[in-house]
file structure_5.pdb (PDB, C-alpha atoms)
ATOM      1  CA  MET A   8       0.000   0.000   0.000  1.00  0.00           C
ATOM      2  CA  ASP A   9       1.392   3.394  -1.001  1.00  0.00           C
ATOM      3  CA  ILE A  10       0.534   5.828   1.764  1.00  0.00           C
ATOM      4  CA  LYS A  11       2.910   8.650   0.884  1.00  0.00           C
ATOM      5  CA  SER A  12       0.130  10.825  -0.534  1.00  0.00           C
ATOM      6  CA  ASP A  13      -2.176   9.998   2.373  1.00  0.00           C
ATOM      7  CA  PHE A  14      -0.417  11.903   5.151  1.00  0.00           C
ATOM      8  CA  ASN A  15       1.688  14.975   5.781  1.00  0.00           C
ATOM      9  CA  LEU A  16       3.896  16.131   8.614  1.00  0.00           C
ATOM     10  CA  GLN A  17       3.445  19.245  10.696  1.00  0.00           C
ATOM     11  CA  THR A  18       6.115  20.659  13.007  1.00  0.00           C
ATOM     12  CA  PRO A  19       5.086  22.426  16.255  1.00  0.00           C
ATOM     13  CA  ASP A  20       5.730  26.178  16.474  1.00  0.00           C
ATOM     14  CA  LEU A  21       9.059  25.722  18.248  1.00  0.00           C
ATOM     15  CA  GLU A  22      12.594  26.365  17.083  1.00  0.00           C
ATOM     16  CA  THR A  23      13.712  23.047  18.588  1.00  0.00           C
ATOM     17  CA  VAL A  24      11.527  19.985  18.996  1.00  0.00           C
ATOM     18  CA  GLU A  25      12.649  17.455  21.615  1.00  0.00           C
ATOM     19  CA  GLN A  26      12.719  13.779  20.721  1.00  0.00           C
ATOM     20  CA  GLY A  27       9.520  12.321  22.140  1.00  0.00           C
ATOM     21  CA  GLN A  28       7.572  15.520  21.443  1.00  0.00           C
ATOM     22  CA  GLU A  29       7.732  15.270  17.654  1.00  0.00           C
ATOM     23  CA  TYR A  30       4.445  14.622  15.930  1.00  0.00           C
ATOM     24  CA  PHE A  31       2.825  14.537  12.537  1.00  0.00           C
ATOM     25  CA  ILE A  32      -0.663  14.782  11.100  1.00  0.00           C
ATOM     26  CA  LEU A  33      -1.923  11.610   9.449  1.00  0.00           C
ATOM     27  CA  SER A  34      -4.515  12.313   6.777  1.00  0.00           C
ATOM     28  CA  ARG A  35      -6.287   9.140   5.762  1.00  0.00           C
ATOM     29  CA  ASN A  36      -9.691   8.544   4.223  1.00  0.00           C
ATOM     30  CA  GLY A  37     -10.560  12.168   4.777  1.00  0.00           C
ATOM     31  CA  VAL A  38      -9.749  12.031   8.500  1.00  0.00           C
ATOM     32  CA  LYS A  39      -6.868  13.896  10.131  1.00  0.00           C
ATOM     33  CA  GLU A  40      -5.181  12.632  13.283  1.00  0.00           C
ATOM     34  CA  LYS A  41      -2.300  13.989  15.359  1.00  0.00           C
ATOM     35  CA  ILE A  42       0.183  11.225  16.213  1.00  0.00           C
ATOM     36  CA  ARG A  43       3.417  11.508  18.217  1.00  0.00           C
ATOM     37  CA  PHE A  44       6.529   9.837  16.885  1.00  0.00           C
ATOM     38  CA  HIS A  45       6.578   7.530  19.922  1.00  0.00           C
ATOM     39  CA  ASP A  46       2.950   6.442  19.529  1.00  0.00           C
ATOM     40  CA  TYR A  47       4.199   3.215  18.021  1.00  0.00           C
ATOM     41  CA  ASP A  48       0.935   1.361  18.537  1.00  0.00           C
ATOM     42  CA  ARG A  49      -0.878   3.798  16.251  1.00  0.00           C
ATOM     43  CA  ILE A  50       1.953   4.001  13.719  1.00  0.00           C
ATOM     44  CA  TYR A  51       2.227   0.212  13.376  1.00  0.00           C
ATOM     45  CA  GLU A  52      -1.471  -0.012  12.561  1.00  0.00           C
ATOM     46  CA  VAL A  53      -0.956   1.756   9.205  1.00  0.00           C
ATOM     47  CA  PRO A  54       0.890  -0.398   6.630  1.00  0.00           C
ATOM     48  CA  GLY A  55       4.163   1.181   5.560  1.00  0.00           C
ATOM     49  CA  LEU A  56       3.867   4.242   7.817  1.00  0.00           C
ATOM     50  CA  TYR A  57       6.687   3.290  10.213  1.00  0.00           C
ATOM     51  CA  GLU A  58       9.156   2.711   7.373  1.00  0.00           C
ATOM     52  CA  HIS A  59       8.176   5.848   5.481  1.00  0.00           C
ATOM     53  CA  LEU A  60       8.242   8.100   8.524  1.00  0.00           C
ATOM     54  CA  PHE A  61      11.491   7.024  10.156  1.00  0.00           C
ATOM     55  CA  TYR A  62      13.523   5.444   7.376  1.00  0.00           C
ATOM     56  CA  GLU A  63      12.559   7.324   4.245  1.00  0.00           C
ATOM     57  CA  ARG A  64      11.673  10.768   5.561  1.00  0.00           C
ATOM     58  CA  TYR A  65      14.003  11.019   8.574  1.00  0.00           C
ATOM     59  CA  ARG A  66      16.674   8.603   7.301  1.00  0.00           C
ATOM     60  CA  CYS A  67      17.068   6.337  10.306  1.00  0.00           C
ATOM     61  CA  ASN A  68      19.880   3.841   9.733  1.00  0.00           C
ATOM     62  CA  SER A  69      20.266   2.188  13.151  1.00  0.00           C
ATOM     63  CA  PRO A  70      19.369  -1.408  12.192  1.00  0.00           C
ATOM     64  CA  GLU A  71      22.006  -1.325   9.457  1.00  0.00           C
ATOM     65  CA  VAL A  72      24.645   0.326  11.671  1.00  0.00           C
ATOM     66  CA  VAL A  73      24.177  -1.895  14.746  1.00  0.00           C
ATOM     67  CA  CYS A  74      23.857  -5.152  12.803  1.00  0.00           C
ATOM     68  CA  GLY A  75      26.805  -4.190  10.584  1.00  0.00           C
ATOM     69  CA  LEU A  76      28.990  -3.496  13.620  1.00  0.00           C
ATOM     70  CA  LEU A  77      27.927  -6.824  15.119  1.00  0.00           C
ATOM     71  CA  LYS A  78      28.679  -8.731  11.913  1.00  0.00           C
ATOM     72  CA  ASN A  79      32.123  -7.159  11.637  1.00  0.00           C
ATOM     73  CA  GLN A  80      32.996  -8.281  15.164  1.00  0.00           C
ATOM     74  CA  ILE A  81      31.681 -11.795  14.703  1.00  0.00           C
ATOM     75  CA  ASP A  82      33.462 -12.207  11.364  1.00  0.00           C
ATOM     76  CA  GLY A  83      36.682 -10.876  12.854  1.00  0.00           C
ATOM     77  CA  GLN A  84      36.723 -12.845  16.106  1.00  0.00           C
ATOM     78  CA  GLU A  85      34.949 -16.164  15.631  1.00  0.00           C
ATOM     79  CA  SER A  86      37.563 -18.785  14.778  1.00  0.00           C
ATOM     80  CA  ALA A  87      34.934 -21.333  13.807  1.00  0.00           C
ATOM     81  CA  ALA A  88      31.398 -20.866  12.580  1.00  0.00           C
ATOM     82  CA  ARG A  89      28.703 -21.612  15.128  1.00  0.00           C
ATOM     83  CA  PRO A  90      24.943 -21.154  14.923  1.00  0.00           C
ATOM     84  CA  LEU A  91      23.942 -17.601  15.799  1.00  0.00           C
ATOM     85  CA  LYS A  92      20.810 -17.592  17.968  1.00  0.00           C
ATOM     86  CA  VAL A  93      19.638 -14.048  18.640  1.00  0.00           C
ATOM     87  CA  LEU A  94      17.220 -12.567  21.146  1.00  0.00           C
ATOM     88  CA  ASP A  95      15.940  -9.319  19.602  1.00  0.00           C
ATOM     89  CA  ILE A  96      14.521  -7.036  22.316  1.00  0.00           C
ATOM     90  CA  GLY A  97      12.107  -4.276  21.304  1.00  0.00           C
ATOM     91  CA  ALA A  98      11.665  -6.129  18.031  1.00  0.00           C
ATOM     92  CA  GLY A  99       8.869  -3.955  16.633  1.00  0.00           C
ATOM     93  CA  ASN A 100       7.740  -4.948  13.156  1.00  0.00           C
ATOM     94  CA  GLY A 101      10.902  -6.894  12.400  1.00  0.00           C
ATOM     95  CA  MET A 102      13.284  -4.462  10.720  1.00  0.00           C
ATOM     96  CA  VAL A 103      16.206  -5.532  12.921  1.00  0.00           C
ATOM     97  CA  GLY A 104      15.216  -9.183  12.668  1.00  0.00           C
ATOM     98  CA  GLU A 105      15.306  -8.894   8.899  1.00  0.00           C
ATOM     99  CA  GLN A 106      18.837  -7.450   9.062  1.00  0.00           C
ATOM    100  CA  LEU A 107      19.926 -10.268  11.369  1.00  0.00           C
ATOM    101  CA  VAL A 108      18.585 -12.940   9.015  1.00  0.00           C
ATOM    102  CA  ASP A 109      20.256 -11.223   6.067  1.00  0.00           C
ATOM    103  CA  MET A 110      23.605 -11.244   7.905  1.00  0.00           C
ATOM    104  CA  GLY A 111      23.305 -14.985   8.505  1.00  0.00           C
ATOM    105  CA  ALA A 112      21.624 -15.468  11.895  1.00  0.00           C
ATOM    106  CA  ASP A 113      20.347 -19.019  12.230  1.00  0.00           C
ATOM    107  CA  GLU A 114      17.462 -18.237  14.594  1.00  0.00           C
ATOM    108  CA  VAL A 115      15.964 -14.976  15.833  1.00  0.00           C
ATOM    109  CA  VAL A 116      13.394 -14.660  18.618  1.00  0.00           C
ATOM    110  CA  GLY A 117      11.656 -11.321  19.117  1.00  0.00           C
ATOM    111  CA  VAL A 118      10.167  -9.677  22.199  1.00  0.00           C
ATOM    112  CA  ASP A 119       8.121  -6.490  22.231  1.00  0.00           C
ATOM    113  CA  ILE A 120       5.701  -5.015  24.731  1.00  0.00           C
ATOM    114  CA  ILE A 121       2.848  -4.006  22.407  1.00  0.00           C
ATOM    115  CA  ASP A 122       0.408  -6.190  20.461  1.00  0.00           C
ATOM    116  CA  GLU A 123       0.422  -3.818  17.479  1.00  0.00           C
ATOM    117  CA  ALA A 124       4.106  -4.594  16.859  1.00  0.00           C
ATOM    118  CA  ALA A 125       3.402  -8.322  16.605  1.00  0.00           C
ATOM    119  CA  GLN A 126       0.435  -7.688  14.314  1.00  0.00           C
ATOM    120  CA  ALA A 127       2.550  -5.461  12.054  1.00  0.00           C
ATOM    121  CA  LEU A 128       5.244  -8.139  11.941  1.00  0.00           C
ATOM    122  CA  GLU A 129       2.770 -10.775  10.775  1.00  0.00           C
ATOM    123  CA  ARG A 130       1.475  -8.390   8.141  1.00  0.00           C
ATOM    124  CA  ASP A 131       4.818  -7.012   6.903  1.00  0.00           C
ATOM    125  CA  ARG A 132       7.535  -9.603   7.597  1.00  0.00           C
ATOM    126  CA  PRO A 133       6.065 -13.007   8.389  1.00  0.00           C
ATOM    127  CA  GLY A 134       8.545 -15.804   8.982  1.00  0.00           C
ATOM    128  CA  ILE A 135      11.450 -13.628  10.138  1.00  0.00           C
ATOM    129  CA  TYR A 136      11.345 -14.818  13.753  1.00  0.00           C
ATOM    130  CA  LYS A 137      11.356 -18.327  15.104  1.00  0.00           C
ATOM    131  CA  ASP A 138       9.138 -17.045  17.941  1.00  0.00           C
ATOM    132  CA  TYR A 139       7.771 -13.637  18.847  1.00  0.00           C
ATOM    133  CA  PHE A 140       6.484 -12.768  22.302  1.00  0.00           C
ATOM    134  CA  VAL A 141       4.424  -9.776  23.393  1.00  0.00           C
ATOM    135  CA  ALA A 142       5.591  -9.438  26.979  1.00  0.00           C
ATOM    136  CA  ASP A 143       7.105  -7.167  29.621  1.00  0.00           C
ATOM    137  CA  LEU A 144      10.619  -8.406  30.359  1.00  0.00           C
ATOM    138  CA  THR A 145      10.339  -7.205  33.959  1.00  0.00           C
ATOM    139  CA  ASN A 146       7.210  -9.315  34.505  1.00  0.00           C
ATOM    140  CA  LEU A 147       7.381 -12.318  32.197  1.00  0.00           C
ATOM    141  CA  PRO A 148       4.662 -14.966  32.179  1.00  0.00           C
ATOM    142  CA  PRO A 149       6.161 -18.296  33.334  1.00  0.00           C
ATOM    143  CA  ASN A 150       5.696 -19.975  29.944  1.00  0.00           C
ATOM    144  CA  VAL A 151       7.497 -17.138  28.121  1.00  0.00           C
ATOM    145  CA  GLU A 152      10.330 -17.062  30.640  1.00  0.00           C
ATOM    146  CA  ARG A 153      10.727 -20.816  30.332  1.00  0.00           C
ATOM    147  CA  SER A 154      10.788 -20.669  26.518  1.00  0.00           C
ATOM    148  CA  LEU A 155      13.404 -17.891  26.483  1.00  0.00           C
ATOM    149  CA  ALA A 156      15.550 -19.735  29.009  1.00  0.00           C
ATOM    150  CA  GLU A 157      15.450 -22.908  26.919  1.00  0.00           C
ATOM    151  CA  ASP A 158      16.465 -21.232  23.647  1.00  0.00           C
ATOM    152  CA  GLU A 159      20.178 -21.014  24.549  1.00  0.00           C
ATOM    153  CA  PHE A 160      20.792 -17.642  22.933  1.00  0.00           C
ATOM    154  CA  ASN A 161      24.352 -16.594  22.177  1.00  0.00           C
ATOM    155  CA  CYS A 162      23.457 -13.063  21.072  1.00  0.00           C
ATOM    156  CA  MET A 163      21.129 -10.213  22.050  1.00  0.00           C
ATOM    157  CA  THR A 164      20.233  -7.097  20.074  1.00  0.00           C
ATOM    158  CA  VAL A 165      18.409  -3.978  21.277  1.00  0.00           C
ATOM    159  CA  VAL A 166      18.008  -1.212  18.700  1.00  0.00           C
ATOM    160  CA  ALA A 167      16.469   2.245  19.294  1.00  0.00           C
ATOM    161  CA  ALA A 168      14.636   1.285  22.476  1.00  0.00           C
ATOM    162  CA  LEU A 169      16.929   2.025  25.441  1.00  0.00           C
ATOM    163  CA  GLY A 170      16.769   5.072  27.673  1.00  0.00           C
ATOM    164  CA  PHE A 171      13.075   5.761  27.253  1.00  0.00           C
ATOM    165  CA  ASP A 172      10.147   4.166  29.059  1.00  0.00           C
ATOM    166  CA  ASP A 173      10.070   1.245  26.598  1.00  0.00           C
ATOM    167  CA  ILE A 174      13.025  -0.727  27.996  1.00  0.00           C
ATOM    168  CA  PRO A 175      14.393   0.267  31.428  1.00  0.00           C
ATOM    169  CA  PRO A 176      17.708  -1.063  32.831  1.00  0.00           C
ATOM    170  CA  ALA A 177      15.936  -3.959  34.593  1.00  0.00           C
ATOM    171  CA  ALA A 178      14.420  -5.152  31.303  1.00  0.00           C
ATOM    172  CA  PHE A 179      17.771  -4.849  29.534  1.00  0.00           C
ATOM    173  CA  ALA A 180      19.369  -6.932  32.291  1.00  0.00           C
ATOM    174  CA  GLN A 181      16.694  -9.618  32.049  1.00  0.00           C
ATOM    175  CA  GLY A 182      17.279  -9.994  28.310  1.00  0.00           C
ATOM    176  CA  PHE A 183      21.051  -9.855  28.798  1.00  0.00           C
ATOM    177  CA  ASN A 184      20.897 -12.691  31.319  1.00  0.00           C
ATOM    178  CA  PHE A 185      19.114 -14.968  28.841  1.00  0.00           C
ATOM    179  CA  VAL A 186      22.295 -14.939  26.710  1.00  0.00           C
ATOM    180  CA  ALA A 187      24.934 -17.591  27.325  1.00  0.00           C
ATOM    181  CA  SER A 188      28.457 -16.629  28.417  1.00  0.00           C
ATOM    182  CA  PRO A 189      30.406 -15.967  26.284  1.00  0.00           C
ATOM    183  CA  GLY A 190      27.891 -14.434  23.933  1.00  0.00           C
ATOM    184  CA  TRP A 191      27.414 -11.336  21.814  1.00  0.00           C
ATOM    185  CA  VAL A 192      25.479  -8.226  22.837  1.00  0.00           C
ATOM    186  CA  ALA A 193      24.723  -5.396  20.408  1.00  0.00           C
ATOM    187  CA  PHE A 194      22.724  -2.287  21.228  1.00  0.00           C
ATOM    188  CA  ASN A 195      22.448   1.403  20.577  1.00  0.00           C
ATOM    189  CA  ILE A 196      21.547   4.260  22.870  1.00  0.00           C
ATOM    190  CA  LYS A 197      20.977   7.990  22.521  1.00  0.00           C
ATOM    191  CA  GLU A 198      24.106   9.906  23.508  1.00  0.00           C
ATOM    192  CA  ASP A 199      22.142  11.850  26.164  1.00  0.00           C
ATOM    193  CA  PHE A 200      21.758   8.575  28.091  1.00  0.00           C
ATOM    194  CA  VAL A 201      25.492   7.912  28.333  1.00  0.00           C
ATOM    195  CA  CYS A 202      26.521  11.225  29.887  1.00  0.00           C
ATOM    196  CA  GLU A 203      26.822  12.262  33.540  1.00  0.00           C
ATOM    197  CA  SER A 204      23.448  14.044  33.527  1.00  0.00           C
ATOM    198  CA  ASP A 205      21.607  10.837  32.556  1.00  0.00           C
ATOM    199  CA  THR A 206      18.688   9.940  34.833  1.00  0.00           C
ATOM    200  CA  SER A 207      17.577   6.753  33.049  1.00  0.00           C
ATOM    201  CA  GLY A 208      20.197   4.592  34.820  1.00  0.00           C
ATOM    202  CA  PHE A 209      21.802   3.382  31.599  1.00  0.00           C
ATOM    203  CA  CYS A 210      24.955   5.480  31.858  1.00  0.00           C
ATOM    204  CA  ARG A 211      25.722   3.990  35.272  1.00  0.00           C
ATOM    205  CA  LEU A 212      24.749   0.470  34.197  1.00  0.00           C
ATOM    206  CA  ILE A 213      27.009   0.547  31.121  1.00  0.00           C
ATOM    207  CA  GLU A 214      29.882   1.882  33.247  1.00  0.00           C
ATOM    208  CA  LEU A 215      29.412  -0.924  35.782  1.00  0.00           C
ATOM    209  CA  ILE A 216      29.090  -3.840  33.358  1.00  0.00           C
ATOM    210  CA  ASP A 217      32.208  -2.608  31.552  1.00  0.00           C
ATOM    211  CA  ALA A 218      34.268  -1.958  34.701  1.00  0.00           C
ATOM    212  CA  GLU A 219      33.260  -5.229  36.392  1.00  0.00           C
ATOM    213  CA  GLY A 220      33.972  -7.387  33.351  1.00  0.00           C
ATOM    214  CA  VAL A 221      30.335  -8.361  32.807  1.00  0.00           C
ATOM    215  CA  LEU A 222      30.530  -7.088  29.230  1.00  0.00           C
ATOM    216  CA  GLU A 223      33.766  -6.778  27.277  1.00  0.00           C
ATOM    217  CA  ILE A 224      33.129  -3.910  24.885  1.00  0.00           C
ATOM    218  CA  CYS A 225      34.689  -4.798  21.540  1.00  0.00           C
ATOM    219  CA  ALA A 226      33.501  -1.916  19.369  1.00  0.00           C
ATOM    220  CA  SER A 227      31.587   1.326  19.715  1.00  0.00           C
ATOM    221  CA  ARG A 228      30.623   4.036  17.290  1.00  0.00           C
ATOM    222  CA  ARG A 229      28.943   7.413  17.543  1.00  0.00           C
ATOM    223  CA  TYR A 230      26.732   7.960  14.515  1.00  0.00           C
ATOM    224  CA  ARG A 231      23.661   9.784  13.248  1.00  0.00           C
ATOM    225  CA  HIS A 232      20.644   7.731  14.227  1.00  0.00           C
ATOM    226  CA  ARG A 233      18.249   9.896  12.202  1.00  0.00           C
ATOM    227  CA  PHE A 234      17.284  13.499  11.612  1.00  0.00           C
ATOM    228  CA  CYS A 235      14.945  15.270  14.010  1.00  0.00           C
ATOM    229  CA  GLN A 236      11.792  16.968  12.824  1.00  0.00           C
ATOM    230  CA  ASP A 237      13.540  20.356  12.960  1.00  0.00           C
ATOM    231  CA  GLY A 238      16.323  19.029  10.690  1.00  0.00           C
ATOM    232  CA  THR A 239      19.056  18.584  13.288  1.00  0.00           C
ATOM    233  CA  PRO A 240      20.897  15.230  13.470  1.00  0.00           C
ATOM    234  CA  LEU A 241      20.134  12.918  16.383  1.00  0.00           C
ATOM    235  CA  TYR A 242      23.241  11.060  17.548  1.00  0.00           C
ATOM    236  CA  TYR A 243      23.379   7.633  19.163  1.00  0.00           C
ATOM    237  CA  HIS A 244      26.165   5.286  20.233  1.00  0.00           C
ATOM    238  CA  ALA A 245      26.269   1.751  18.822  1.00  0.00           C
ATOM    239  CA  VAL A 246      27.985  -0.800  21.081  1.00  0.00           C
ATOM    240  CA  VAL A 247      28.989  -4.413  20.477  1.00  0.00           C
ATOM    241  CA  GLY A 248      30.520  -6.529  23.194  1.00  0.00           C
ATOM    242  CA  LYS A 249      31.078 -10.021  24.516  1.00  0.00           C
ATOM    243  CA  LYS A 250      29.050 -11.081  27.506  1.00  0.00           C
ATOM    244  CA  ARG A 251      31.281 -12.654  30.161  1.00  0.00           C
ATOM    245  CA  GLN A 252      28.741 -13.171  32.969  1.00  0.00           C
ATOM    246  CA  ASP A 253      25.210 -12.319  34.031  1.00  0.00           C
ATOM    247  CA  ILE A 254      24.294  -8.895  35.410  1.00  0.00           C
ATOM    248  CA  PRO A 255      23.892  -9.504  39.164  1.00  0.00           C
ATOM    249  CA  LEU A 256      20.935  -8.156  41.125  1.00  0.00           C
ATOM    250  CA  GLU A 257      23.144  -5.989  43.309  1.00  0.00           C
ATOM    251  CA  MET A 258      24.422  -4.179  40.225  1.00  0.00           C
ATOM    252  CA  LEU A 259      20.873  -3.244  39.239  1.00  0.00           C
ATOM    253  CA  GLU A 260      20.203  -2.114  42.791  1.00  0.00           C
ATOM    254  CA  ALA A 261      23.235   0.157  42.570  1.00  0.00           C
ATOM    255  CA  VAL A 262      21.860   1.685  39.379  1.00  0.00           C
ATOM    256  CA  ASN A 263      18.290   2.219  40.632  1.00  0.00           C
ATOM    257  CA  PRO A 264      17.113   0.449  43.796  1.00  0.00           C
ATOM    258  CA  LEU A 265      13.483   1.402  43.154  1.00  0.00           C
ATOM    259  CA  ALA A 266      13.443  -0.326  39.741  1.00  0.00           C
ATOM    260  CA  VAL A 267      14.414  -3.781  41.038  1.00  0.00           C
TER     261      VAL A 267
END

call {"tool": "encode", "arguments": {"input": "structure_5.pdb", "output": "structure tokens"}}
result
Amino acid sequence: MDIKSDFNLQTPDLETVEQGQEYFILSRNGVKEKIRFHDYDRIYEVPGLYEHLFYERYRCNSPEVVCGLLKNQIDGQESAARPLKVLDIGAGNGMVGEQLVDMGADEVVGVDIIDEAAQALERDRPGIYKDYFVADLTNLPPNVERSLAEDEFNCMTVVAALGFDDIPPAAFAQGFNFVASPGWVAFNIKEDFVCESDTSGFCRLIELIDAEGVLEICASRRYRHRFCQDGTPLYYHAVVGKKRQDIPLEMLEAVNPLAV
């Protein structure tokens, strides 16, 4: 479905628009609706809207950057080929999963917190994931937790979901701990969340898992995630590392005792 002529974007009357406050007007079937960029449930409901908005109009390239960095590390460090079994957190409608399959992943399992993401996946990219769960990683149903524990993942990816309300540090840690040691971990995060003023907990968590040898960071890259609605570039950091051990509970408590 070609929707490009069915909607237009409107910028608020501000010189600078903060990420999370950006919105557009969707015109469809004669009806206009204001939708925020982070209203993913509504965006996923419209075929092709997510891709057109973020990837065509605002030139997001994070799936390609993160998966490319991961592939380079695996190709450069693995002495013998082994099946790559990936847990993709915040999987959305499967854009990262598709990149992972294209780079040679043997199995990919997705987790997202909203039903609309799973529905969009079935509509847009069926067959990408071995399994796909709609679940909150901080409060997993027993059957989902059991299935994830039995999958023996040796890789986890999290793209464009950290530092906001979608995936807090406790959820990241839960996914991280489903990966075998040693295993690969690849994620990206907005640069605001890895500076001293960060209040999300991720700056402190990344410092701790690096300093304590939980994650051996093998590669990192600052890059343009996408353009903002006011035309300024939005920068993220892509990180790929080798998991050496699980994230212990006391480390999460040190990051944010109220979130554990």

call {"tool": "residues_near_point", "arguments": {"input": "structure_5.pdb", "point": "(4.4, -6.0, 19.5)", "cutoff": "10 Å", "atoms": "only C-alpha atoms", "output": "MDAnalysis selection string"}}
result
chainID A and resid 47:48 51 97:101 117:128 139:142

call {"tool": "atom_distance", "arguments": {"input": "structure_5.pdb", "atom1": "atom CA of Leu94 of chain A", "atom2": "atom CA of Val116 of chain A"}}
result
5.0 Å

call {"tool": "residues_around", "arguments": {"input": "structure_5.pdb", "residues": "Arg229 of chain A", "least_positions_apart": "2", "cutoff": "12 Å", "atoms": "all atoms listed in the file", "output": "PyMOL selection string"}}
result
chain A and resi 69+72-73+76+195-199+201+226-227+231-232+240-246

call {"tool": "resolve_selection", "arguments": {"input": "structure_5.pdb", "expression": "the PyMOL selection byres ((chain A and resi 137) around 8)", "output": "ChimeraX atom specification"}}
result
/A:114-116,134-136,138-139

call {"tool": "closest_residue", "arguments": {"input": "structure_5.pdb", "among": "A:Leu215, A:Ala261, A:Leu60, A:Cys162", "to": "Arg233 of chain A", "atoms": "only C-alpha atoms"}}
result
A:Leu60

call {"tool": "residues_around", "arguments": {"input": "structure_5.pdb", "residues": "Tyr65 of chain A", "least_positions_apart": "3", "cutoff": "9 Å", "atoms": "only C-alpha atoms", "output": "PyMOL selection string"}}
result
chain A and resi 59-62+233-236+238

call {"tool": "residues_near_point", "arguments": {"input": "structure_5.pdb", "point": "(18.4, 1.0, 37.7)", "cutoff": "12 Å", "atoms": "only C-alpha atoms", "output": "VMD selection string"}}
result
chain A and resid 170 174 to 180 205 to 213 215 254 to 267

call {"tool": "residues_around", "arguments": {"input": "structure_5.pdb", "residues": "Val192 of chain A", "least_positions_apart": "2", "cutoff": "12 Å", "atoms": "all atoms listed in the file", "output": "ChimeraX atom specification"}}
result
/A:73-74,76-78,80-81,91-96,160-166,179-180,182-190,194-195,216,221-227,245-253

call {"tool": "atom_distance", "arguments": {"input": "structure_5.pdb", "atom1": "atom CA of Asp143 of chain A", "atom2": "atom CA of Leu155 of chain A"}}
result
12.8 Å

call {"tool": "closest_residue", "arguments": {"input": "structure_5.pdb", "among": "A:Gln84, A:Gln28, A:Ser204, A:Ser154", "to": "Trp191 of chain A", "atoms": "all atoms listed in the file"}}
result
A:Gln84

call {"tool": "atom_distance", "arguments": {"input": "structure_5.pdb", "atom1": "atom CA of Val108 of chain A", "atom2": "atom CA of Arg130 of chain A"}}
result
17.7 Å

call {"tool": "resolve_selection", "arguments": {"input": "structure_5.pdb", "expression": "the PyMOL selection byres ((chain A and resi 38-45) around 9)", "output": "PyMOL selection string"}}
result
chain A and resi 14+26-37+46-50+60-61

call {"tool": "decode", "arguments": {"input": "structure_5.pdb", "residues": "segment 207-220 of chain A", "atoms": "N, CA and C atoms", "output": "short mmCIF file (atom, residue, chain, number, x, y, z; two decimals), in the first residue's frame"}}
result
data_model
loop_
_atom_site.label_atom_id
_atom_site.label_comp_id
_atom_site.auth_asym_id
_atom_site.auth_seq_id
_atom_site.Cartn_x
_atom_site.Cartn_y
_atom_site.Cartn_z
N SER A 207 18.24 8.02 33.39
CA SER A 207 17.58 6.75 33.05
C SER A 207 18.20 5.56 33.76
N GLY A 208 19.47 5.69 34.21
CA GLY A 208 20.20 4.59 34.82
C GLY A 208 21.13 3.87 33.87
N PHE A 209 21.00 4.13 32.56
CA PHE A 209 21.80 3.38 31.60
C PHE A 209 23.27 3.79 31.60
N CYS A 210 23.55 5.06 31.81
CA CYS A 210 24.96 5.48 31.86
C CYS A 210 25.68 4.72 32.96
N ARG A 211 25.11 4.68 34.14
CA ARG A 211 25.72 3.99 35.27
C ARG A 211 25.80 2.49 35.02
N LEU A 212 24.75 1.91 34.46
CA LEU A 212 24.75 0.47 34.20
C LEU A 212 25.84 0.09 33.20
N ILE A 213 25.98 0.85 32.12
CA ILE A 213 27.01 0.55 31.12
C ILE A 213 28.40 0.69 31.73
N GLU A 214 28.60 1.72 32.56
CA GLU A 214 29.88 1.88 33.25
C GLU A 214 30.20 0.67 34.12
N LEU A 215 29.20 0.19 34.85
CA LEU A 215 29.41 -0.92 35.78
C LEU A 215 29.68 -2.24 35.05
N ILE A 216 28.89 -2.55 34.03
CA ILE A 216 29.09 -3.84 33.36
C ILE A 216 30.41 -3.87 32.61
N ASP A 217 30.89 -2.70 32.19
CA ASP A 217 32.21 -2.61 31.55
C ASP A 217 33.31 -2.74 32.60
N ALA A 218 33.21 -1.97 33.68
CA ALA A 218 34.27 -1.96 34.70
C ALA A 218 34.39 -3.29 35.43
N GLU A 219 33.26 -3.97 35.64
CA GLU A 219 33.26 -5.23 36.39
C GLU A 219 33.47 -6.45 35.51
N GLY A 220 33.69 -6.26 34.23
CA GLY A 220 33.97 -7.39 33.35
C GLY A 220 32.76 -8.20 32.98
#
